[in-house]
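J.: Have a peek at data01.pdb (PDB, C-alpha atoms).
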ATOM      1  CA  MET L  45     -17.199  40.341 -27.488  1.00  0.00           C
ATOM      2  CA  SER L  46     -16.152  38.205 -24.619  1.00  0.00           C
ATOM      3  CA  ILE L  47     -12.795  36.567 -24.028  1.00  0.00           C
ATOM      4  CA  THR L  48     -14.075  33.222 -25.304  1.00  0.00           C
ATOM      5  CA  HIS L  49     -15.092  34.785 -28.623  1.00  0.00           C
ATOM      6  CA  ILE L  50     -11.668  36.344 -29.077  1.00  0.00           C
ATOM      7  CA  LEU L  51      -9.922  33.069 -28.225  1.00  0.00           C
ATOM      8  CA  LEU L  52     -12.123  31.164 -30.664  1.00  0.00           C
ATOM      9  CA  ILE L  53     -11.329  33.617 -33.468  1.00  0.00           C
ATOM     10  CA  ALA L  54      -7.601  33.392 -32.662  1.00  0.00           C
ATOM     11  CA  VAL L  55      -7.665  29.582 -32.761  1.00  0.00           C
ATOM     12  CA  VAL L  56      -9.522  29.547 -36.098  1.00  0.00           C
ATOM     13  CA  ALA L  57      -7.076  32.083 -37.556  1.00  0.00           C
ATOM     14  CA  LEU L  58      -4.126  29.989 -36.310  1.00  0.00           C
ATOM     15  CA  ILE L  59      -5.567  26.867 -37.949  1.00  0.00           C
ATOM     16  CA  LEU L  60      -6.374  28.625 -41.239  1.00  0.00           C
ATOM     17  CA  PHE L  61      -3.188  30.653 -41.709  1.00  0.00           C
ATOM     18  CA  GLY L  62      -0.641  28.761 -39.649  1.00  0.00           C
ATOM     19  CA  PRO L  63       1.881  30.175 -37.168  1.00  0.00           C
ATOM     20  CA  ASN L  64       4.215  31.518 -39.903  1.00  0.00           C
ATOM     21  CA  LYS L  65       1.611  33.640 -41.701  1.00  0.00           C
ATOM     22  CA  LEU L  66      -0.075  35.201 -38.638  1.00  0.00           C
ATOM     23  CA  PRO L  67       2.639  37.848 -37.955  1.00  0.00           C
ATOM     24  CA  GLU L  68       2.599  38.877 -41.634  1.00  0.00           C
ATOM     25  CA  LEU L  69      -1.179  39.051 -41.601  1.00  0.00           C
ATOM     26  CA  GLY L  70      -1.135  41.153 -38.421  1.00  0.00           C
ATOM     27  CA  ARG L  71       1.376  43.590 -39.920  1.00  0.00           C
ATOM     28  CA  ALA L  72      -0.690  43.907 -43.107  1.00  0.00           C
ATOM     29  CA  ILE L  73      -3.890  44.592 -41.157  1.00  0.00           C
ATOM     30  CA  GLY L  74      -2.093  47.134 -38.940  1.00  0.00           C
ATOM     31  CA  LYS L  75      -0.619  48.939 -41.942  1.00  0.00           C
ATOM     32  CA  THR L  76      -3.997  49.039 -43.673  1.00  0.00           C
ATOM     33  CA  LEU L  77      -5.722  50.484 -40.601  1.00  0.00           C
ATOM     34  CA  ARG L  78      -2.956  53.071 -40.106  1.00  0.00           C
ATOM     35  CA  ASP L  79      -3.188  54.178 -43.771  1.00  0.00           C
ATOM     36  CA  PHE L  80      -6.967  54.415 -43.518  1.00  0.00           C
ATOM     37  CA  LYS L  81      -6.730  56.484 -40.339  1.00  0.00           C
ATOM     38  CA  ASN L  82      -4.156  58.843 -41.868  1.00  0.00           C
ATOM     39  CA  GLY L  83      -6.277  59.268 -44.985  1.00  0.00           C
ATOM     40  CA  ALA L  84      -9.371  60.029 -42.938  1.00  0.00           C
ATOM     41  CA  ASN L  85      -7.461  62.581 -40.844  1.00  0.00           C
ATOM     42  CA  ASP L  86      -6.139  64.248 -44.020  1.00  0.00           C
ATOM     43  CA  LEU L  87      -9.659  64.514 -45.433  1.00  0.00           C
ATOM     44  CA  MET L  88     -10.999  65.952 -42.184  1.00  0.00           C
ATOM     45  CA  SER L  89      -8.210  68.538 -41.925  1.00  0.00           C
ATOM     46  CA  ALA L  90      -8.682  69.533 -45.583  1.00  0.00           C
ATOM     47  CA  ALA L  91     -12.409  69.966 -45.049  1.00  0.00           C
ATOM     48  CA  THR L  92     -11.958  72.133 -41.950  1.00  0.00           C
ATOM     49  CA  GLU L  93      -9.291  74.272 -43.648  1.00  0.00           C
ATOM     50  CA  SER L  94     -11.426  74.929 -46.728  1.00  0.00           C
ATOM     51  CA  GLU L  95     -14.462  76.050 -44.727  1.00  0.00           C
ATOM     52  CA  PRO L  96     -14.070  79.201 -42.649  1.00  0.00           C
ATOM     53  CA  GLU L  97     -15.261  78.755 -39.113  1.00  0.00           C
ATOM     54  CA  LYS L  98     -18.669  80.215 -38.600  1.00  0.00           C
ATOM     55  CA  GLY L  99     -19.119  82.400 -35.551  1.00  0.00           C
ATOM     56  CA  ARG L 100     -21.300  81.102 -32.800  1.00  0.00           C
ATOM     57  CA  LYS L 101     -24.666  82.681 -32.352  1.00  0.00           C
ATOM     58  CA  ASP L 102     -25.368  84.271 -28.977  1.00  0.00           C
ATOM     59  CA  VAL L 103     -28.339  82.445 -27.484  1.00  0.00           C
ATOM     60  CA  THR L 104     -28.153  83.717 -23.918  1.00  0.00           C
ATOM     61  CA  PRO L 105     -31.425  85.167 -22.641  1.00  0.00           C
ATOM     62  CA  PRO L 106     -31.565  88.937 -22.062  1.00  0.00           C
ATOM     63  CA  SER L 107     -30.764  90.175 -18.592  1.00  0.00           C
ATOM     64  CA  GLN L 108     -33.563  90.783 -16.079  1.00  0.00           C
ATOM     65  CA  SER L 109     -33.059  94.575 -16.197  1.00  0.00           C
ATOM     66  CA  ALA L 110     -33.933  94.625 -19.915  1.00  0.00           C
ATOM     67  CA  ALA L 111     -37.158  92.647 -19.396  1.00  0.00           C
ATOM     68  CA  PRO L 112     -39.269  95.484 -17.835  1.00  0.00           C
ATOM     69  CA  ALA L 113     -38.272  97.866 -20.622  1.00  0.00           C
ATOM     70  CA  ALA L 114     -39.301  95.333 -23.221  1.00  0.00           C
ATOM     71  CA  ALA L 115     -42.568  94.642 -21.386  1.00  0.00           C
ATOM     72  CA  SER L 116     -43.515  98.325 -21.443  1.00  0.00           C
ATOM     73  CA  GLN L 117     -43.221  98.355 -25.243  1.00  0.00           C
ATOM     74  CA  GLN L 118     -45.585  95.411 -25.664  1.00  0.00           C
ATOM     75  CA  GLU L 119     -49.348  95.727 -25.971  1.00  0.00           C
ATOM     76  CA  PRO L 120     -51.320  95.374 -22.722  1.00  0.00           C
ATOM     77  CA  VAL L 121     -52.853  91.991 -21.989  1.00  0.00           C
ATOM     78  CA  VAL L 122     -56.653  92.021 -21.914  1.00  0.00           C
ATOM     79  CA  GLN L 123     -58.188  89.901 -19.148  1.00  0.00           C
ATOM     80  CA  PRO L 124     -61.452  88.105 -20.043  1.00  0.00           C
ATOM     81  CA  SER L 125     -64.561  89.018 -18.129  1.00  0.00           C
ATOM     82  CA  PRO L 126     -65.881  86.571 -15.472  1.00  0.00           C
ATOM     83  CA  GLN L 127     -69.031  85.944 -17.549  1.00  0.00           C
ATOM     84  CA  ALA L 128     -66.964  84.864 -20.531  1.00  0.00           C
ATOM     85  CA  SER L 129     -65.022  82.383 -18.408  1.00  0.00           C
ATOM     86  CA  THR L 130     -68.249  80.777 -17.084  1.00  0.00           C
ATOM     87  CA  GLN L 131     -69.543  80.492 -20.643  1.00  0.00           C
ATOM     88  CA  GLN L 132     -66.302  78.810 -21.663  1.00  0.00           C
ATOM     89  CA  LYS L 133     -66.532  76.372 -18.758  1.00  0.00           C
ATOM     90  CA  ASP L 134     -70.100  75.495 -19.709  1.00  0.00           C
ATOM     91  CA  SER L 135     -69.136  74.906 -23.335  1.00  0.00           C
ATOM     92  CA  ARG L 136     -66.450  72.442 -22.231  1.00  0.00           C
ATOM     93  CA  ARG L 137     -68.897  70.256 -20.316  1.00  0.00           C
ATOM     94  CA  LEU L 138     -70.196  67.059 -21.816  1.00  0.00           C
ATOM     95  CA  PRO L 139     -73.885  66.996 -22.707  1.00  0.00           C
ATOM     96  CA  ASP L 140     -76.176  65.358 -20.145  1.00  0.00           C
TER      97      ASP L 140
END
Produce structure tokens that represent the structure in this file.

T.:
Amino acid sequence: MSITHILLIAVVALILFGPNKLPELGRAIGKTLRDFKNGANDLMSAATESEPEKGRKDVTPPSQSAAPAAASQQEPVVQPSPQASTQQKDSRRLPD
């Protein structure tokens, strides 16, 4: 909202409610917002107190020194023969 929008709303409110009612209206709106905020904070604190905090899961990658040991336990990788790769390349070509 720009300054002109805020001024327009203030002028309309002044015309509708008059200068005597505006302070009362402002206090009522402020009290309502404060009560709403306090109620929301109470609900949030009650919800966090009732649920125990769950521990965080460790997602850090293993260190580099553990990687070779893990690699030796894995099955060896089989490399395709050169003839198989040329057959695969030919099968990927579009027909003439």

J.: Between CA of Lys75 (chain L) and CA of Ser46 (chain L), what distance in Å does the model show, to one decimal?

T.: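 Here the two named atoms are 25.6 Å from each other.
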
J.: What is the CA of Leu87 (chain L)-CA of Glu68 (chain L) distance in Å, reported with one decimal?

T.: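 Those two atoms sit 28.7 Å apart.
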
J.: So what do you get for CA of Leu69 (chain L) versus CA of Ile50 (chain L), distance-wise?

T.: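 Going from CA of Leu69 (chain L) over to CA of Ile50 (chain L) covers 16.6 Å.
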
J.: Taking all listed atoms of region 71-76 of chain L, build the axis-aligned box, pad each of the six sides by 6 Å, then write its centre and edge lengths in Å to one decimal as lines of an AutoDock Vina configuration file.

T.:
center_x = -1.3
center_y = 46.3
center_z = -41.3
size_x = 17.4
size_y = 17.4
size_z = 16.7
